[in-house]
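What follows is a short report on a single structure.
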Amino acid sequence: MIKTAIITGGGSGFGRETALKLAEKGTNLSIVDLSKERGEETVRLCEELGVEAIFVEADVSMMEDVQRYVAETIDKFGRVDLFFNNAGISGSGVRTLECSIEEFHSIVNVNLNGAFYGLKFVVNEMLKTGGGVIVNTASLGGVAGMPTLGAYSATKHAIIGLTKTIAGEYGRDNIRINAIAPGTNKIPMAFPRGEIDAMAEEVPTDRLGQPHEVGDVVAFLLGEESSYIHGAVISIDGGAAAL
Ligand SMILES: NC(=O)c1ccc[n+]([C@@H]2O[C@H](COP(=O)([O-])OP(=O)(O)OC[C@H]3O[C@@H](n4cnc5c(N)ncnc54)[C@H](O)[C@@H]3O)[C@@H](O)[C@H]2O)c1
């Protein structure tokens with residue numbers, strides 16, 4: 001049976017890399033993103049690999065958009081087997097209590113509420129077809145504090161709480177769910193070289209990660225090879241969380 005995956009934030013970074021890995025394995029894809037341009041480009045790249053893919057323009061922080069991306073996926077493919085619940089934003093990088101109320105709410109809306117809506121409506125569909133596999137994107141900031149990104153860190157800790165709790169509640173319904181905790185990964189091109197080197201020095205492997213190193217692990221966690229990994233938080237951080 002050909003599987004169908006929904007990937008939020010599928011237009012870039014971890015989302016796109018995971019889409020390409022799943023497409024290589026023959027999975028049909030529903031790519032969800034705010035950006036039409038980036039999302040449609042991921043669809044094109046997946047189609048080149050021989051699978052069917054659709055793009056759904058949606059803001060994961062809007063519950064109606066989440067219901068719509070699930071409905072459009074079911075309309076097209078009839079089912080959803082795999083879910084990479086990944087879209088997220090970080091923050092402007094000020095000391096946590098200097099973060100504006102508006103910014104705090106917007107980070108919670110996207111990273112936590114958006115992930116919750118996705119779980120709520122996707123799991124509902126998975127239950128109708130006998131189960132599914134989910135990966136939620138947390139962060140190194142979800143297992144440790146992250147100075148100047150307090151709202152982000154709080155939401156990523158919350159993602160881990162949701163993951164573990166849902167694992168306990170839905171494992172017997174054949175819903176398998178895990179979280180990933182990537183360390184600092186893709187850095188904007190404009191970022192000063194010195195700052196990138198300083199961040200890399202904090203990592204035991206002495207370098208920052210690449211998005212494909214996350215995509216490979218997510219594809220594994222969504223695949224049969226990881227069938228007994230459930231309720232886990234998998235660090236992909238070059239050893240940063242070990243310190
Ligand atoms: N990049 C890192 O260093 C890093 C580290 C740990 C965790 N993360 C987390 O990984 C996830 C993906 O990060 P990335 O580095 O691939 O980011 P990215 O910026 O490359 O891609 C994120 C994608 O999500 C989309 N997006 C943002 N807000 C959205 C919304 N409200 N609705 C729908 N789509 C939205 C963007 O348009 C973008 O295409 C995020 O949850 C992020 O917090 C990133």
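All residue names refer to the structure tokens as shown: chains lettered A, B, ... in order, residues numbered from 1 in each chain, ligands numbered from 1 in order.
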Practice prompt. Give the strand (DSSP E or B) residues of stretch 70-170 of chain A, as assigned by DSSP on the backbone, as a list of chain:residue names.
Written response: A:Leu82, A:Phe83, A:Phe84, A:Asn85, A:Gly132, A:Val133, A:Ile134, A:Val135, A:Asn136, A:Thr137
Same residues, C-alpha atoms, saved as a compact mmCIF listing (two decimals), in the first residue's frame:
```
# COMPACT_ATOMS: atom_id res chain seq x y z
CA LEU A 82 2.49 9.62 8.54
CA PHE A 83 2.61 13.11 10.08
CA PHE A 84 5.68 15.32 10.50
CA ASN A 85 4.32 18.05 12.80
CA GLY A 132 -0.27 5.96 11.99
CA VAL A 133 3.13 7.35 12.87
CA ILE A 134 3.93 10.89 14.06
CA VAL A 135 7.08 12.91 14.65
CA ASN A 136 6.82 16.25 16.46
CA THR A 137 9.63 18.78 16.12
```
Which residues of chain A sit at most 7 Å from ligand 1, using only C-alpha atoms and all ligand atoms? Give each one's shortest atom pair and distance in Å (one decimal place), in chain and ascending residue order, as a Markdown table.
```
| residue | atom | partner | partner_atom_place_in_ligand_line | distance |
| --- | --- | --- | --- | --- |
| A:Thr8 | CA | ligand 1 | 34 (N) | 6.0 |
| A:Gly9 | CA | ligand 1 | 24 (O) | 3.3 |
| A:Gly10 | CA | ligand 1 | 39 (O) | 6.0 |
| A:Gly11 | CA | ligand 1 | 39 (O) | 4.1 |
| A:Ser12 | CA | ligand 1 | 39 (O) | 4.3 |
| A:Gly13 | CA | ligand 1 | 16 (O) | 3.3 |
| A:Phe14 | CA | ligand 1 | 16 (O) | 3.9 |
| A:Gly15 | CA | ligand 1 | 16 (O) | 5.7 |
| A:Val32 | CA | ligand 1 | 33 (C) | 6.3 |
| A:Asp33 | CA | ligand 1 | 34 (N) | 3.8 |
| A:Leu34 | CA | ligand 1 | 34 (N) | 4.2 |
| A:Ser35 | CA | ligand 1 | 37 (O) | 4.9 |
| A:Arg38 | CA | ligand 1 | 39 (O) | 6.3 |
| A:Ala58 | CA | ligand 1 | 33 (C) | 5.5 |
| A:Asp59 | CA | ligand 1 | 32 (N) | 3.5 |
| A:Val60 | CA | ligand 1 | 32 (N) | 4.1 |
| A:Ser61 | CA | ligand 1 | 31 (N) | 5.3 |
| A:Asn86 | CA | ligand 1 | 41 (O) | 4.8 |
| A:Ala87 | CA | ligand 1 | 24 (O) | 4.4 |
| A:Gly88 | CA | ligand 1 | 41 (O) | 3.3 |
| A:Ile89 | CA | ligand 1 | 43 (O) | 5.1 |
| A:Ser90 | CA | ligand 1 | 43 (O) | 5.7 |
| A:Val110 | CA | ligand 1 | 31 (N) | 5.1 |
| A:Asn111 | CA | ligand 1 | 41 (O) | 6.6 |
| A:Thr137 | CA | ligand 1 | 41 (O) | 5.3 |
| A:Ala138 | CA | ligand 1 | 7 (C) | 5.8 |
| A:Ser139 | CA | ligand 1 | 6 (C) | 4.1 |
| A:Leu140 | CA | ligand 1 | 6 (C) | 6.0 |
| A:Ala181 | CA | ligand 1 | 6 (C) | 6.2 |
| A:Pro182 | CA | ligand 1 | 6 (C) | 4.3 |
| A:Gly183 | CA | ligand 1 | 5 (C) | 4.9 |
| A:Thr184 | CA | ligand 1 | 3 (O) | 3.6 |
| A:Asn185 | CA | ligand 1 | 3 (O) | 3.5 |
| A:Lys186 | CA | ligand 1 | 1 (N) | 4.8 |
| A:Ile187 | CA | ligand 1 | 3 (O) | 6.8 |
| A:Pro211 | CA | ligand 1 | 16 (O) | 6.8 |
```
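Comparing the minimum interatomic distances between A:Val70 and each of A:Phe55, A:Tyr152, A:Tyr228, A:Phe104, counting only C-alpha atoms, we find that A:Phe55 sits nearest.
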Discussion item. I'd like the neighbourhood of A:Lys3 as number ranges by chain, where a residue qualifies if any of its atoms comes within 8 Å (using only C-alpha atoms), though same-chain residues fewer than 3 positions away should be ignored.
Written reply: A: 26-28, 80-82
Item to complete: Can you pull out every residue within 7 Å of A:Gln67, counting only C-alpha atoms, but drop anything in the same chain fewer than 4 positions away, and send it as a PyMOL selection string?
Response: chain A and resi 63+71+121
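Proximity of A:Arg44, A:Arg193, A:Lys156, A:His230 to A:Asn178, computed with only C-alpha atoms, is greatest for A:His230.
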Worksheet entry | Sel. of alpha helix (DSSP H) residues, stretch 2-204 of chain A, as JSON, numbers by chain | {"A": [13, 14, 15, 16, 17, 18, 19, 20, 21, 22, 23, 24, 36, 37, 38, 39, 40, 41, 42, 43, 44, 45, 46, 47, 48, 63, 64, 65, 66, 67, 68, 69, 70, 71, 72, 73, 74, 75, 76, 77, 101, 102, 103, 104, 105, 106, 107, 114, 115, 116, 117, 118, 119, 120, 121, 122, 123, 124, 125, 126, 127, 128, 150, 151, 152, 153, 154, 155, 156, 157, 158, 159, 160, 161, 162, 163, 164, 165, 166, 167, 168, 169, 170, 193, 194, 195, 196, 197, 198, 199, 200, 201]}
Shell of 12 Å around A:Glu102, only C-alpha atoms, local chain residues under 4 positions omitted, as a PDB file with N, CA, C and O atoms, in the first residue's frame:
```pdb
ATOM      1  N   GLY A  91      12.006  33.425  17.416  1.00  0.00           N
ATOM      2  CA  GLY A  91      11.813  34.616  18.248  1.00  0.00           C
ATOM      3  C   GLY A  91      12.897  35.632  17.944  1.00  0.00           C
ATOM      4  O   GLY A  91      13.877  35.315  17.251  1.00  0.00           O
ATOM      5  N   SER A  92      12.721  36.828  18.462  1.00  0.00           N
ATOM      6  CA  SER A  92      13.627  37.906  18.047  1.00  0.00           C
ATOM      7  C   SER A  92      14.905  37.963  18.872  1.00  0.00           C
ATOM      8  O   SER A  92      15.785  38.773  18.608  1.00  0.00           O
ATOM      9  N   GLU A  98      11.793  40.375  28.482  1.00  0.00           N
ATOM     10  CA  GLU A  98      11.674  41.574  27.643  1.00  0.00           C
ATOM     11  C   GLU A  98      10.911  41.277  26.356  1.00  0.00           C
ATOM     12  O   GLU A  98      10.652  42.179  25.550  1.00  0.00           O
ATOM     13  N   SER A 106       2.428  34.952  19.797  1.00  0.00           N
ATOM     14  CA  SER A 106       2.540  34.435  18.428  1.00  0.00           C
ATOM     15  C   SER A 106       3.409  33.185  18.392  1.00  0.00           C
ATOM     16  O   SER A 106       3.118  32.233  17.654  1.00  0.00           O
ATOM     17  N   ILE A 107       4.444  33.111  19.234  1.00  0.00           N
ATOM     18  CA  ILE A 107       5.283  31.897  19.267  1.00  0.00           C
ATOM     19  C   ILE A 107       4.484  30.716  19.837  1.00  0.00           C
ATOM     20  O   ILE A 107       4.532  29.600  19.312  1.00  0.00           O
ATOM     21  N   VAL A 108       3.711  30.980  20.889  1.00  0.00           N
ATOM     22  CA  VAL A 108       2.861  29.915  21.458  1.00  0.00           C
ATOM     23  C   VAL A 108       1.818  29.468  20.422  1.00  0.00           C
ATOM     24  O   VAL A 108       1.555  28.274  20.246  1.00  0.00           O
ATOM     25  N   ASN A 109       1.250  30.439  19.706  1.00  0.00           N
ATOM     26  CA  ASN A 109       0.206  30.101  18.718  1.00  0.00           C
ATOM     27  C   ASN A 109       0.723  29.176  17.623  1.00  0.00           C
ATOM     28  O   ASN A 109       0.058  28.227  17.230  1.00  0.00           O
ATOM     29  N   ALA A 151      10.433  32.014  25.099  1.00  0.00           N
ATOM     30  CA  ALA A 151       9.110  31.587  24.630  1.00  0.00           C
ATOM     31  C   ALA A 151       9.268  30.343  23.767  1.00  0.00           C
ATOM     32  O   ALA A 151       8.528  29.359  23.902  1.00  0.00           O
TER      33      ALA A 151
END
```
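Distance annotation: of A:Leu97, A:Ile180, A:Val122, A:Ala115, the residue with the minimal separation from A:Thr148 is A:Leu97; atom set is only C-alpha atoms.
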Practice prompt. One decimal, Å: what's the distance from atom CA of A:Val203 over to atom CA of A:Gly223, could you say?
Written response: 28.4 Å
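For the choices A:Ile2, A:Ala158, A:Ala179, A:Val94, the atom-to-atom distance to A:Leu222 is smallest for A:Ala179 when using only C-alpha atoms.
One distance worth recording is that between atom CA of A:Gly231 and atom CA of A:Ala167, which is 5.0 Å.
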